>>> print(open('upload_10.cif').read())   # mmCIF, C-alpha atoms
data_coords
#
loop_
_atom_site.label_atom_id
_atom_site.label_comp_id
_atom_site.auth_asym_id
_atom_site.auth_seq_id
_atom_site.Cartn_x
_atom_site.Cartn_y
_atom_site.Cartn_z
CA MET A 213 40.26 11.16 -70.27
CA THR A 214 40.34 14.52 -68.54
CA LEU A 215 37.51 13.26 -66.37
CA ILE A 216 39.58 10.31 -65.15
CA VAL A 217 42.56 12.55 -64.45
CA ARG A 218 40.37 14.88 -62.50
CA PHE A 219 38.90 11.98 -60.57
CA VAL A 220 42.33 10.60 -59.69
CA LEU A 221 43.44 14.04 -58.59
CA LEU A 222 40.42 14.41 -56.37
CA TRP A 223 41.01 10.98 -54.93
CA ALA A 224 44.65 11.77 -54.18
CA LEU A 225 43.57 14.98 -52.54
CA LEU A 226 41.10 13.16 -50.33
CA ILE A 227 43.61 10.52 -49.24
CA GLY A 228 46.20 13.21 -48.62
CA GLY A 229 43.69 15.21 -46.61
CA ALA A 230 42.74 12.21 -44.48
CA THR A 231 46.35 11.32 -43.61
CA LEU A 232 47.01 14.91 -42.83
CA ALA A 233 44.02 14.92 -40.53
CA GLN A 234 45.26 11.85 -38.72
CA ALA A 235 48.64 13.43 -38.29
CA GLN A 236 47.19 16.48 -36.61
CA GLU A 237 45.52 16.00 -33.26
CA ARG A 238 42.53 18.20 -34.02
CA SER A 239 41.47 18.82 -37.57
CA SER A 240 38.46 20.47 -39.06
CA LEU A 241 37.98 17.37 -41.22
CA LEU A 242 37.18 15.21 -38.19
CA PRO A 243 34.68 15.89 -35.43
CA ASN A 244 36.22 17.81 -32.60
CA VAL A 245 35.46 15.49 -29.67
CA PRO A 246 35.64 17.45 -26.43
CA LYS A 247 38.24 16.21 -23.93
CA ALA A 248 37.02 14.16 -20.99
CA THR A 249 38.10 14.21 -17.37
CA GLY A 250 38.64 11.19 -15.08
CA GLU A 251 39.94 7.76 -15.98
CA PRO A 252 39.71 6.70 -19.61
CA HIS A 253 37.62 3.65 -20.54
CA PRO A 254 39.62 0.44 -20.07
CA GLU A 255 38.08 -0.90 -23.30
CA GLY A 256 39.57 2.02 -25.22
CA ASN A 257 38.14 4.92 -27.17
CA GLU A 258 37.75 2.95 -30.36
CA TYR A 259 35.57 0.37 -28.64
CA TRP A 260 33.40 3.04 -27.03
CA ARG A 261 33.11 5.07 -30.21
CA LYS A 262 31.67 2.07 -31.95
CA ASN A 263 29.69 0.35 -29.19
CA HIS A 264 28.28 3.08 -26.97
CA PRO A 265 24.78 2.85 -28.51
CA ASP A 266 24.59 -0.89 -27.71
CA LEU A 267 26.07 -0.48 -24.26
CA LEU A 268 23.62 2.29 -23.41
CA ARG A 269 20.65 0.37 -24.74
CA HIS A 270 21.60 -2.87 -22.99
CA ASP A 271 22.23 -1.25 -19.64
CA ARG A 272 19.18 0.99 -19.72
CA ASN A 273 17.01 -2.15 -19.78
CA LEU A 274 18.93 -3.62 -16.85
CA THR A 275 18.19 -0.51 -14.82
CA VAL A 276 14.65 0.31 -15.88
CA ARG A 277 13.32 -3.24 -15.93
CA ASP A 278 15.39 -5.03 -13.30
CA GLY A 279 16.40 -2.20 -11.02
CA ASN A 280 20.10 -2.92 -11.51
CA ARG A 281 21.90 0.33 -10.84
CA GLU A 282 25.43 -1.06 -10.79
CA ILE A 283 25.91 -0.76 -14.51
CA GLY A 284 28.81 0.47 -16.56
CA ALA A 285 26.96 2.53 -19.15
CA SER A 286 24.42 4.75 -17.46
CA LEU A 287 23.59 7.91 -19.39
CA LYS A 288 23.58 9.86 -16.15
CA SER A 289 27.14 8.79 -15.38
CA CYS A 290 28.55 9.91 -18.75
CA PHE A 291 28.40 13.53 -17.63
CA GLU A 292 30.56 12.92 -14.58
CA CYS A 293 33.49 12.87 -17.01
CA HIS A 294 32.04 14.19 -20.26
CA THR A 295 30.72 17.59 -19.18
CA THR A 296 31.62 20.24 -21.75
CA THR A 297 31.94 23.95 -21.11
CA ASP A 298 32.39 26.92 -23.43
CA ASP A 299 35.11 29.59 -23.22
CA GLN A 300 33.22 31.41 -20.49
CA GLY A 301 32.96 28.23 -18.43
CA THR A 302 29.20 27.83 -19.00
CA VAL A 303 28.18 24.17 -19.01
CA LEU A 304 26.89 23.20 -22.45
CA THR A 305 23.70 21.20 -22.94
CA SER A 306 22.88 18.88 -25.81
CA ALA A 307 21.43 21.92 -27.57
CA SER A 308 24.98 23.03 -28.31
CA PRO A 309 26.87 21.55 -31.27
CA ASP A 310 29.93 21.48 -28.99
CA HIS A 311 28.32 19.25 -26.33
CA PHE A 312 30.16 15.93 -26.00
CA CYS A 313 27.26 13.90 -27.45
CA SER A 314 26.54 16.37 -30.25
CA ALA A 315 30.05 16.80 -31.63
CA CYS A 316 30.23 13.42 -33.40
CA HIS A 317 26.54 13.01 -33.98
CA GLN A 318 26.33 16.17 -36.06
CA TYR A 319 29.30 15.00 -38.07
CA VAL A 320 27.79 11.57 -38.81
CA ALA A 321 24.18 12.85 -39.00
CA VAL A 322 22.92 10.78 -36.07
CA LYS A 323 19.98 12.20 -34.20
CA ILE A 324 19.30 10.87 -30.70
CA ASP A 325 16.22 11.61 -28.64
CA CYS A 326 17.74 10.71 -25.24
CA PHE A 327 17.68 14.35 -24.18
CA VAL A 328 13.96 14.83 -24.67
CA CYS A 329 13.65 13.06 -21.30
CA HIS A 330 17.18 12.95 -19.85
CA ARG A 331 19.26 15.91 -18.84
CA SER A 332 22.51 16.36 -20.73
CA THR A 333 24.45 17.90 -17.84
CA PRO A 334 25.10 16.85 -14.24
CA ASP A 335 22.37 17.54 -11.66
CA GLY A 336 22.51 21.08 -10.31
CA VAL A 337 23.34 22.79 -13.60
CA ASP A 338 20.49 25.03 -14.73
CA GLU A 339 19.77 23.79 -18.23
CA TYR A 340 16.90 26.11 -18.74
CA GLU A 341 18.00 28.78 -21.14
CA ALA A 342 20.20 26.77 -23.44
CA GLN A 343 17.71 23.95 -23.83
CA ALA A 344 14.69 26.23 -24.10
CA ALA A 345 16.09 27.75 -27.29
CA LEU A 346 15.57 24.36 -28.95
CA LEU A 347 12.01 23.83 -27.88
CA PRO A 348 8.80 25.06 -29.45
CA PRO A 349 6.89 27.71 -27.46
CA THR A 350 5.12 26.08 -24.53
CA SER A 351 2.09 28.33 -24.38
CA LEU A 352 -0.03 30.14 -26.88
CA ASN A 353 -0.39 33.90 -26.76
CA ASP A 354 -3.79 35.56 -26.96
CA ALA A 355 -3.52 36.24 -30.67
CA ASP A 356 -2.84 32.53 -31.33
CA VAL A 357 -5.83 31.50 -29.25
CA GLU A 358 -8.11 33.96 -31.05
CA GLY A 359 -6.83 32.66 -34.35
CA ILE A 360 -7.64 29.07 -33.39
CA VAL A 361 -11.08 29.99 -32.10
CA ALA A 362 -11.82 31.85 -35.33
CA TYR A 363 -10.60 28.88 -37.34
CA LEU A 364 -12.78 26.47 -35.39
CA LYS A 365 -15.81 28.71 -35.64
CA GLN A 366 -15.60 29.30 -39.36
CA GLY A 367 -18.18 27.20 -41.14
CA ASP A 368 -19.80 25.89 -37.93
CA PRO A 369 -21.56 22.79 -39.31
CA VAL A 370 -24.64 23.34 -37.15
CA ALA A 371 -25.18 27.07 -37.58
CA ASP A 372 -23.90 27.13 -41.10
CA PRO A 373 -24.14 23.69 -42.76
CA PRO A 374 -21.80 23.30 -45.69
CA ALA A 375 -23.47 23.04 -49.04
CA ILE A 376 -23.35 19.40 -50.12
CA SER A 377 -23.42 18.90 -53.81
CA LYS A 378 -25.85 16.10 -54.52
CA PRO A 379 -24.33 13.11 -56.27
CA ALA A 380 -25.64 12.64 -59.74
CA GLU A 381 -28.71 10.37 -59.69
CA VAL A 382 -27.79 6.85 -60.60
CA GLY A 383 -30.12 4.16 -61.87
CA GLN A 384 -33.74 3.62 -60.64
CA MET B 73 35.74 10.09 -10.79
CA LYS B 74 36.39 6.32 -10.93
CA MET B 75 35.40 4.41 -14.03
CA PRO B 76 32.37 2.23 -13.24
CA LYS B 77 32.99 -1.47 -13.72
CA LEU B 78 31.29 -3.08 -16.68
CA ASN B 79 29.35 -6.00 -15.25
CA GLY B 80 29.18 -9.66 -16.28
CA ALA B 81 26.39 -9.25 -18.78
CA GLU B 82 28.33 -6.57 -20.57
CA ILE B 83 31.48 -8.57 -20.73
CA SER B 84 29.67 -11.52 -22.23
CA ARG B 85 27.95 -9.20 -24.65
CA ARG B 86 31.27 -7.70 -25.53
CA ASP B 87 32.58 -11.16 -26.30
CA PHE B 88 29.57 -11.63 -28.50
CA LEU B 89 30.13 -8.38 -30.32
CA ARG B 90 33.73 -9.30 -30.93
CA SER B 91 33.58 -12.97 -31.79
CA GLY B 92 30.01 -14.16 -31.72
CA SER B 93 31.28 -17.47 -30.41
CA ALA B 94 30.75 -17.31 -26.65
CA VAL B 95 27.03 -17.13 -27.18
CA ALA B 96 24.29 -19.68 -27.43
CA THR B 97 21.84 -18.51 -30.03
CA LEU B 98 18.28 -19.70 -30.17
CA THR B 99 16.65 -19.39 -33.54
CA LEU B 100 12.96 -18.59 -33.30
CA ALA B 101 12.25 -18.17 -36.97
CA PRO B 102 14.46 -17.47 -39.97
CA GLY B 103 16.16 -14.19 -39.22
CA VAL B 104 14.70 -13.90 -35.74
CA THR B 105 16.99 -14.92 -32.93
CA LEU B 106 17.00 -14.72 -29.20
CA MET B 107 20.43 -14.26 -27.76
CA ALA B 108 21.38 -15.94 -24.53
CA PHE B 109 24.51 -14.64 -22.88
CA GLY B 110 26.91 -16.68 -20.81
CA GLY B 111 26.61 -14.53 -17.71
CA SER B 112 23.52 -14.21 -15.56
CA ASP B 113 21.81 -10.85 -15.20
CA ALA B 114 20.68 -11.74 -11.70
CA ALA B 115 23.65 -9.88 -10.25
CA ALA B 116 23.59 -8.27 -6.85
CA GLY B 117 21.59 -5.07 -6.67
CA THR B 118 18.62 -5.99 -8.85
CA ALA B 119 14.95 -5.81 -7.85
CA ASP B 120 14.18 -8.64 -5.42
CA ALA B 121 11.28 -10.96 -6.25
CA GLY B 122 11.15 -11.91 -2.57
CA LYS B 123 9.85 -8.47 -1.70
CA ARG B 124 6.70 -6.54 -2.42
CA TRP B 125 6.96 -2.85 -1.72
CA GLY B 126 3.92 -1.05 -0.43
CA LEU B 127 2.58 1.95 1.46
CA LEU B 128 0.16 2.20 4.35
CA ILE B 129 -1.61 5.54 4.64
CA ASP B 130 -3.35 6.50 7.87
CA ALA B 131 -6.06 8.98 6.95
CA ASN B 132 -6.49 10.01 10.60
CA LYS B 133 -2.93 11.25 10.76
CA CYS B 134 -3.15 13.08 7.43
CA ASP B 135 -3.48 16.80 8.12
CA LYS B 136 -6.00 18.57 5.92
CA ASP B 137 -3.84 21.68 5.53
CA CYS B 138 -0.61 19.85 4.82
CA SER B 139 0.67 18.91 1.38
CA ALA B 140 4.27 18.11 2.24
CA CYS B 141 4.05 14.76 0.43
CA VAL B 142 2.97 16.40 -2.81
CA THR B 143 5.68 19.07 -2.63
CA ALA B 144 8.34 16.51 -1.80
CA CYS B 145 7.32 14.30 -4.73
CA SER B 146 7.38 17.22 -7.11
CA THR B 147 10.82 18.33 -5.92
CA GLU B 148 12.24 14.83 -5.98
CA ASN B 149 10.95 13.94 -9.41
CA GLY B 150 10.93 17.32 -11.09
CA TRP B 151 7.27 17.54 -12.17
CA LYS B 152 5.53 20.81 -11.52
CA ASP B 153 2.43 22.87 -11.72
CA ASN B 154 2.51 25.00 -14.86
CA GLY B 155 -0.83 26.58 -14.01
CA ARG B 156 -2.64 24.43 -16.57
CA PRO B 157 -4.54 21.91 -14.43
CA GLU B 158 -6.11 20.12 -17.41
CA THR B 159 -2.72 19.06 -18.70
CA ASP B 160 -0.23 19.32 -15.84
CA ALA B 161 1.29 16.09 -14.54
CA GLN B 162 0.24 14.92 -11.08
CA TRP B 163 2.08 11.99 -9.60
CA ILE B 164 0.44 12.41 -6.21
CA ARG B 165 -2.46 14.57 -5.05
CA LYS B 166 -4.38 15.26 -1.87
CA ILE B 167 -8.04 14.26 -1.98
CA THR B 168 -10.85 15.00 0.43
CA LEU B 169 -13.64 12.58 1.28
CA LYS B 170 -16.78 13.94 2.83
CA ASN B 171 -19.45 11.96 4.56
CA THR B 172 -22.54 13.85 3.42
CA GLU B 173 -24.60 12.66 6.39
CA THR B 174 -22.23 13.50 9.23
CA GLY B 175 -20.18 16.15 7.47
CA ARG B 176 -16.91 14.43 8.54
CA GLU B 177 -14.09 15.21 6.17
CA THR B 178 -11.03 13.05 5.64
CA THR B 179 -8.03 13.95 3.53
CA MET B 180 -5.43 11.59 2.14
CA PRO B 181 -2.81 11.39 -0.56
CA MET B 182 -3.60 9.47 -3.76
CA MET B 183 -1.00 8.08 -6.10
CA CYS B 184 -0.31 4.98 -8.19
CA GLN B 185 -1.60 2.08 -6.11
CA HIS B 186 1.04 -0.33 -7.43
CA CYS B 187 -1.51 -3.08 -8.08
CA GLU B 188 -0.60 -6.72 -8.15
CA GLU B 189 -2.91 -7.04 -11.18
CA PRO B 190 -2.36 -3.65 -12.82
CA PRO B 191 -4.93 -2.81 -15.52
CA CYS B 192 -2.45 -0.34 -17.04
CA VAL B 193 -0.07 -3.22 -17.74
CA ASP B 194 -2.86 -5.37 -19.18
CA VAL B 195 -3.83 -2.80 -21.78
CA CYS B 196 -0.42 -1.43 -22.79
CA PRO B 197 0.10 -2.24 -26.48
CA THR B 198 3.89 -1.94 -26.40
CA GLY B 199 4.87 -3.47 -23.07
CA ALA B 200 6.04 -0.10 -21.79
CA SER B 201 3.76 -0.35 -18.77
CA PHE B 202 5.18 -3.08 -16.56
CA LYS B 203 5.45 -4.38 -13.03
CA ARG B 204 8.84 -5.07 -11.52
CA VAL B 205 9.34 -8.33 -9.67
CA ASP B 206 9.18 -6.42 -6.38
CA GLY B 207 5.73 -5.07 -7.22
CA ILE B 208 6.58 -1.54 -8.36
CA VAL B 209 4.51 -0.54 -11.40
CA LEU B 210 6.40 1.65 -13.87
CA VAL B 211 6.37 3.11 -17.37
CA ASP B 212 9.40 2.32 -19.50
CA LYS B 213 9.46 5.59 -21.41
CA HIS B 214 11.80 4.14 -23.99
CA THR B 215 8.92 2.00 -25.26
CA CYS B 216 5.98 4.27 -24.40
CA ILE B 217 4.30 5.64 -27.50
CA GLY B 218 2.02 7.99 -25.57
CA CYS B 219 -1.26 6.29 -26.55
CA ARG B 220 -2.67 6.88 -23.04
CA TYR B 221 -4.57 3.61 -23.01
CA CYS B 222 -3.18 2.95 -19.51
CA MET B 223 -4.58 6.26 -18.30
CA MET B 224 -8.04 5.18 -19.34
CA ALA B 225 -7.61 1.75 -17.75
CA CYS B 226 -6.42 3.05 -14.39
CA PRO B 227 -9.36 3.24 -11.95
CA PHE B 228 -7.41 5.66 -9.73
CA LYS B 229 -6.56 8.32 -12.33
CA ALA B 230 -3.00 7.89 -11.16
CA ARG B 231 -1.25 8.49 -14.46
CA SER B 232 -0.45 11.68 -16.34
CA PHE B 233 0.55 12.38 -19.88
CA VAL B 234 3.37 14.83 -20.48
CA HIS B 235 1.84 17.35 -22.87
CA GLU B 236 4.55 19.94 -22.94
CA PRO B 237 8.28 19.86 -23.64
CA VAL B 238 10.26 19.40 -20.43
CA ILE B 239 13.72 20.68 -19.60
CA ASN B 240 15.96 20.62 -16.55
CA GLN B 241 14.77 17.21 -15.39
CA LYS B 242 16.23 15.40 -12.39
CA SER B 243 18.82 12.91 -13.52
CA ASP B 244 17.09 10.21 -11.45
CA ALA B 245 13.67 10.95 -12.93
CA PRO B 246 13.90 11.41 -16.69
CA ARG B 247 10.60 12.62 -18.15
CA GLY B 248 9.64 14.10 -21.47
CA GLN B 249 6.91 15.12 -23.83
CA GLY B 250 4.78 12.40 -25.37
CA THR B 251 5.06 9.78 -22.65
CA VAL B 252 2.90 8.71 -19.72
CA GLU B 253 4.19 8.80 -16.17
CA SER B 254 3.10 8.17 -12.61
CA CYS B 255 4.40 7.57 -9.10
CA THR B 256 7.46 5.33 -9.27
CA LEU B 257 7.47 4.70 -5.52
CA CYS B 258 10.76 6.64 -5.81
CA VAL B 259 12.31 3.54 -7.28
CA HIS B 260 15.72 5.22 -7.55
CA ARG B 261 15.73 5.69 -3.78
CA VAL B 262 14.25 2.28 -3.01
CA ASP B 263 16.95 0.58 -5.09
CA LYS B 264 19.53 2.24 -2.87
CA GLY B 265 17.77 1.08 0.28
CA GLY B 266 15.92 4.35 0.84
CA THR B 267 12.25 5.26 1.29
CA PRO B 268 10.02 7.32 -1.02
CA ALA B 269 10.25 11.11 -0.73
CA CYS B 270 6.58 11.48 0.33
CA VAL B 271 7.06 9.12 3.28
CA GLU B 272 10.09 11.04 4.46
CA ALA B 273 8.38 14.42 4.04
CA CYS B 274 5.29 13.31 5.96
CA ALA B 275 7.45 12.12 8.84
CA ASP B 276 9.47 15.35 8.77
CA ALA B 277 6.25 17.34 8.93
CA GLY B 278 5.48 15.42 12.12
CA PHE B 279 2.52 13.35 10.91
CA GLU B 280 3.93 9.96 9.96
CA ALA B 281 0.74 9.25 8.06
CA ILE B 282 2.51 7.22 5.34
CA ILE B 283 4.70 4.23 6.05
CA PHE B 284 6.68 2.29 3.51
CA GLY B 285 7.80 -1.31 3.66
CA ASP B 286 7.88 -4.87 2.42
CA LEU B 287 4.44 -6.47 2.43
CA LYS B 288 5.96 -9.95 2.08
CA ASP B 289 8.06 -9.63 5.24
CA PRO B 290 5.85 -10.44 8.26
CA GLU B 291 8.34 -8.66 10.52
CA SER B 292 8.18 -5.32 8.69
CA GLU B 293 6.39 -2.42 10.37
CA ILE B 294 3.87 -2.21 7.53
CA SER B 295 2.97 -5.93 7.70
CA LYS B 296 2.61 -5.80 11.47
CA ARG B 297 0.25 -2.84 11.28
CA LEU B 298 -1.77 -4.47 8.52
CA ALA B 299 -2.01 -7.60 10.70
CA THR B 300 -3.17 -5.60 13.72
CA TYR B 301 -5.48 -2.88 12.42
CA SER B 302 -8.25 -2.88 9.88
CA SER B 303 -7.27 -1.45 6.52
CA ALA B 304 -8.76 -1.02 3.11
CA ALA B 305 -7.71 -1.32 -0.49
CA LEU B 306 -9.33 1.26 -2.76
CA ARG B 307 -11.83 -0.24 -5.20
CA PRO B 308 -11.68 -3.71 -3.60
CA ASP B 309 -14.43 -4.76 -6.04
CA LEU B 310 -11.85 -4.80 -8.84
CA ASP B 311 -9.60 -7.40 -7.14
CA LEU B 312 -6.42 -5.55 -8.11
CA ASN B 313 -4.69 -6.17 -4.78
CA PRO B 314 -3.00 -2.79 -4.59
CA GLY B 315 0.28 -2.34 -2.74
CA VAL B 316 -1.01 0.93 -1.29
CA ARG B 317 -3.40 0.47 1.64
CA TYR B 318 -5.43 2.94 3.71
CA THR B 319 -6.55 2.94 7.35
CA ASN B 320 -9.12 5.09 9.14
CA LEU B 321 -10.84 6.20 5.95
#
>>> encode(input="upload_10.cif", output="structure tokens")
Amino acid sequence: MTLIVRFVLLWALLIGGATLAQAQERSSLLPNVPKATGEPHPEGNEYWRKNHPDLLRHDRNLTVRDGNREIGASLKSCFECHTTTDDQGTVLTSASPDHFCSACHQYVAVKIDCFVCHRSTPDGVDEYEAQAALLPPTSLNDADVEGIVAYLKQGDPVADPPAISKPAEVGQ
Amino acid sequence: MKMPKLNGAEISRRDFLRSGSAVATLTLAPGVTLMAFGGSDAAAGTADAGKRWGLLIDANKCDKDCSACVTACSTENGWKDNGRPETDAQWIRKITLKNTETGRETTMPMMCQHCEEPPCVDVCPTGASFKRVDGIVLVDKHTCIGCRYCMMACPFKARSFVHEPVINQKSDAPRGQGTVESCTLCVHRVDKGGTPACVEACADAGFEAIIFGDLKDPESEISKRLATYSSAALRPDLDLNPGVRYTNL
């Protein structure tokens, strides 16, 4: 009994919260999608929210395979209107949770690997520092190398053959 | 910035996504379908099957102390020397040939030879390695799994594997760890009617050792020169019919 009451209360709270969120323009309950510049999409935000993965995938094949560069959904073009900056005016890369492509994806737990190869800002922006924070170290330091060499040398099978326990004699 | 126009293929796909009715669907097997859209993809601005892009490299004009083509390629496409020659990417390199009897040395740039019968495409297990209808051989990094089979198949050692994480790429030349890459003949420039960066840099350096053009057009500069002077394909024994040709080796 009390359980059901509690459940109904929780449910009412959730519904109430959601309507409240819709009423407000920006709410912490919904992803905070950074504002874009330029003309909006003629198909509407709702269409793009839902279909951008298919549009991107479809058009990427047109470009890569057929050399068609007059496409409507080129990843490079997104950042002509969807470049995000922080309070100091620094251009954000996909490493930032406030980057246009990260804002929703973090909220819905989508992980894209586009930015392993593509840049997430317009050409000319130096992505180095912000992106580098995300990446594993690119070179080993001397201590690492020594560690690996020591690891590889331990139990050298030629100089120091491992003791093989003989299988128990069977039959014959 | 103006909103780019969605093209015909997208509009028909959009209709499909909305209604599913404007589409002819071919069923291959239960649950496996091939979708055919109303519109044709052969819109203006796609690779032209009536062309075959190629390069002609004149080894006599190639200066042994110049590497403008290599620098230009690296700047254009954003690959660089990290000081680790075993693993660094190399889309183009200068090589030196020496005649051991006479001592004559020739230098020339080497890059993907854009073969008509590319061994890298033959061996690729995922279809990532492919040849465009206009003869440009590319890696579709979206499908490349980094197996490096193509690198072993290539007789020219033209391909590189990206070993390290990459950042700050050029937006026209996306590249990243775990995929194979090679000379793209600056496809992003060619598609806009331009010439590859190496060709431009060589001309700017005053050598004009590399020329670019359509091998299928008998009136193009490259075809005329090939028709007039003797030239060679590298490894002619393999019958790959490369799009990159050399003279005065």
>>> residues_around(input="upload_10.cif", residues="B:Ile167", least_positions_apart="3", cutoff="9 Å", atoms="only C-alpha atoms", output="mmCIF file with C-alpha atoms, in the coordinates of the input")
data_model
loop_
_atom_site.group_PDB
_atom_site.id
_atom_site.type_symbol
_atom_site.label_atom_id
_atom_site.label_comp_id
_atom_site.auth_asym_id
_atom_site.auth_seq_id
_atom_site.Cartn_x
_atom_site.Cartn_y
_atom_site.Cartn_z
ATOM 1 C CA THR B 178 -11.030 13.050 5.640
ATOM 2 C CA THR B 179 -8.030 13.950 3.530
ATOM 3 C CA MET B 180 -5.430 11.590 2.140
ATOM 4 C CA PRO B 181 -2.810 11.390 -0.560
ATOM 5 C CA MET B 182 -3.600 9.470 -3.760
#
>>> closest_residue(input="upload_10.cif", among="A:Ser332, A:Ser314, A:Thr296, A:Thr302", to="chain B", atoms="all atoms listed in the file")
A:Ser332
>>> residues_near_point(input="upload_10.cif", point="(0.3, 7.5, -20.9)", cutoff="9 Å", atoms="only C-alpha atoms", output="PyMOL selection string")
chain B and resi 201+211+216-224+231-234+250-254
>>> closest_atom_pairs(input="upload_10.cif", of="chain A", to="chain B", cutoff="10 Å", atoms="only C-alpha atoms", output="JSON lines")
{"residue": "A:Thr249", "atom": "CA", "partner": "B:Met73", "partner_atom": "CA", "distance": 8.1}
{"residue": "A:Gly250", "atom": "CA", "partner": "B:Met73", "partner_atom": "CA", "distance": 5.3}
{"residue": "A:Glu251", "atom": "CA", "partner": "B:Met75", "partner_atom": "CA", "distance": 6.0}
{"residue": "A:Pro252", "atom": "CA", "partner": "B:Met75", "partner_atom": "CA", "distance": 7.4}
{"residue": "A:His253", "atom": "CA", "partner": "B:Met75", "partner_atom": "CA", "distance": 6.9}
{"residue": "A:Pro254", "atom": "CA", "partner": "B:Met75", "partner_atom": "CA", "distance": 8.4}
{"residue": "A:Glu255", "atom": "CA", "partner": "B:Leu78", "partner_atom": "CA", "distance": 9.7}
{"residue": "A:Tyr259", "atom": "CA", "partner": "B:Arg86", "partner_atom": "CA", "distance": 9.7}
{"residue": "A:Asn263", "atom": "CA", "partner": "B:Leu89", "partner_atom": "CA", "distance": 8.8}
{"residue": "A:Asp266", "atom": "CA", "partner": "B:Arg85", "partner_atom": "CA", "distance": 9.5}
{"residue": "A:Leu267", "atom": "CA", "partner": "B:Glu82", "partner_atom": "CA", "distance": 7.5}
{"residue": "A:Arg269", "atom": "CA", "partner": "B:His214", "partner_atom": "CA", "distance": 9.6}
{"residue": "A:His270", "atom": "CA", "partner": "B:Glu82", "partner_atom": "CA", "distance": 8.1}
{"residue": "A:Asp271", "atom": "CA", "partner": "B:Glu82", "partner_atom": "CA", "distance": 8.1}
{"residue": "A:Arg272", "atom": "CA", "partner": "B:His214", "partner_atom": "CA", "distance": 9.1}
{"residue": "A:Asn273", "atom": "CA", "partner": "B:Asp212", "partner_atom": "CA", "distance": 8.8}
{"residue": "A:Leu274", "atom": "CA", "partner": "B:Asp113", "partner_atom": "CA", "distance": 8.0}
{"residue": "A:Thr275", "atom": "CA", "partner": "B:Thr118", "partner_atom": "CA", "distance": 8.1}
{"residue": "A:Val276", "atom": "CA", "partner": "B:Asp212", "partner_atom": "CA", "distance": 6.7}
{"residue": "A:Arg277", "atom": "CA", "partner": "B:Arg204", "partner_atom": "CA", "distance": 6.5}
{"residue": "A:Asp278", "atom": "CA", "partner": "B:Ala119", "partner_atom": "CA", "distance": 5.5}
{"residue": "A:Gly279", "atom": "CA", "partner": "B:Thr118", "partner_atom": "CA", "distance": 4.9}
{"residue": "A:Asn280", "atom": "CA", "partner": "B:Thr118", "partner_atom": "CA", "distance": 4.3}
{"residue": "A:Arg281", "atom": "CA", "partner": "B:Gly117", "partner_atom": "CA", "distance": 6.8}
{"residue": "A:Glu282", "atom": "CA", "partner": "B:Gly117", "partner_atom": "CA", "distance": 6.9}
{"residue": "A:Ile283", "atom": "CA", "partner": "B:Leu78", "partner_atom": "CA", "distance": 6.2}
{"residue": "A:Gly284", "atom": "CA", "partner": "B:Leu78", "partner_atom": "CA", "distance": 4.3}
{"residue": "A:Ala285", "atom": "CA", "partner": "B:Leu78", "partner_atom": "CA", "distance": 7.5}
{"residue": "A:Ser286", "atom": "CA", "partner": "B:Pro76", "partner_atom": "CA", "distance": 9.3}
{"residue": "A:Leu287", "atom": "CA", "partner": "B:Ser243", "partner_atom": "CA", "distance": 9.1}
{"residue": "A:Lys288", "atom": "CA", "partner": "B:Ser243", "partner_atom": "CA", "distance": 6.2}
{"residue": "A:Ser289", "atom": "CA", "partner": "B:Pro76", "partner_atom": "CA", "distance": 8.7}
{"residue": "A:Cys290", "atom": "CA", "partner": "B:Met75", "partner_atom": "CA", "distance": 10.0}
{"residue": "A:Glu292", "atom": "CA", "partner": "B:Met73", "partner_atom": "CA", "distance": 7.0}
{"residue": "A:Cys293", "atom": "CA", "partner": "B:Met73", "partner_atom": "CA", "distance": 7.2}
{"residue": "A:Asp325", "atom": "CA", "partner": "B:His214", "partner_atom": "CA", "distance": 9.8}
{"residue": "A:Cys326", "atom": "CA", "partner": "B:His214", "partner_atom": "CA", "distance": 8.9}
{"residue": "A:Phe327", "atom": "CA", "partner": "B:Gly248", "partner_atom": "CA", "distance": 8.5}
{"residue": "A:Val328", "atom": "CA", "partner": "B:Gly248", "partner_atom": "CA", "distance": 5.4}
{"residue": "A:Cys329", "atom": "CA", "partner": "B:Gly248", "partner_atom": "CA", "distance": 4.1}
{"residue": "A:His330", "atom": "CA", "partner": "B:Pro246", "partner_atom": "CA", "distance": 4.8}
{"residue": "A:Arg331", "atom": "CA", "partner": "B:Gln241", "partner_atom": "CA", "distance": 5.8}
{"residue": "A:Ser332", "atom": "CA", "partner": "B:Ser243", "partner_atom": "CA", "distance": 8.8}
{"residue": "A:Thr333", "atom": "CA", "partner": "B:Ser243", "partner_atom": "CA", "distance": 8.7}
{"residue": "A:Pro334", "atom": "CA", "partner": "B:Ser243", "partner_atom": "CA", "distance": 7.4}
{"residue": "A:Asp335", "atom": "CA", "partner": "B:Ser243", "partner_atom": "CA", "distance": 6.1}
{"residue": "A:Gly336", "atom": "CA", "partner": "B:Lys242", "partner_atom": "CA", "distance": 8.7}
{"residue": "A:Val337", "atom": "CA", "partner": "B:Asn240", "partner_atom": "CA", "distance": 8.2}
{"residue": "A:Asp338", "atom": "CA", "partner": "B:Asn240", "partner_atom": "CA", "distance": 6.6}
{"residue": "A:Glu339", "atom": "CA", "partner": "B:Asn240", "partner_atom": "CA", "distance": 5.2}
{"residue": "A:Tyr340", "atom": "CA", "partner": "B:Asn240", "partner_atom": "CA", "distance": 6.0}
{"residue": "A:Glu341", "atom": "CA", "partner": "B:Ile239", "partner_atom": "CA", "distance": 9.3}
{"residue": "A:Ala342", "atom": "CA", "partner": "B:Ile239", "partner_atom": "CA", "distance": 9.7}
{"residue": "A:Gln343", "atom": "CA", "partner": "B:Ile239", "partner_atom": "CA", "distance": 6.7}
{"residue": "A:Ala344", "atom": "CA", "partner": "B:Ile239", "partner_atom": "CA", "distance": 7.2}
{"residue": "A:Leu347", "atom": "CA", "partner": "B:Pro237", "partner_atom": "CA", "distance": 6.9}
{"residue": "A:Pro348", "atom": "CA", "partner": "B:Pro237", "partner_atom": "CA", "distance": 7.8}
{"residue": "A:Pro349", "atom": "CA", "partner": "B:Pro237", "partner_atom": "CA", "distance": 8.8}
{"residue": "A:Thr350", "atom": "CA", "partner": "B:Glu236", "partner_atom": "CA", "distance": 6.4}
{"residue": "A:Ser351", "atom": "CA", "partner": "B:Glu236", "partner_atom": "CA", "distance": 8.9}
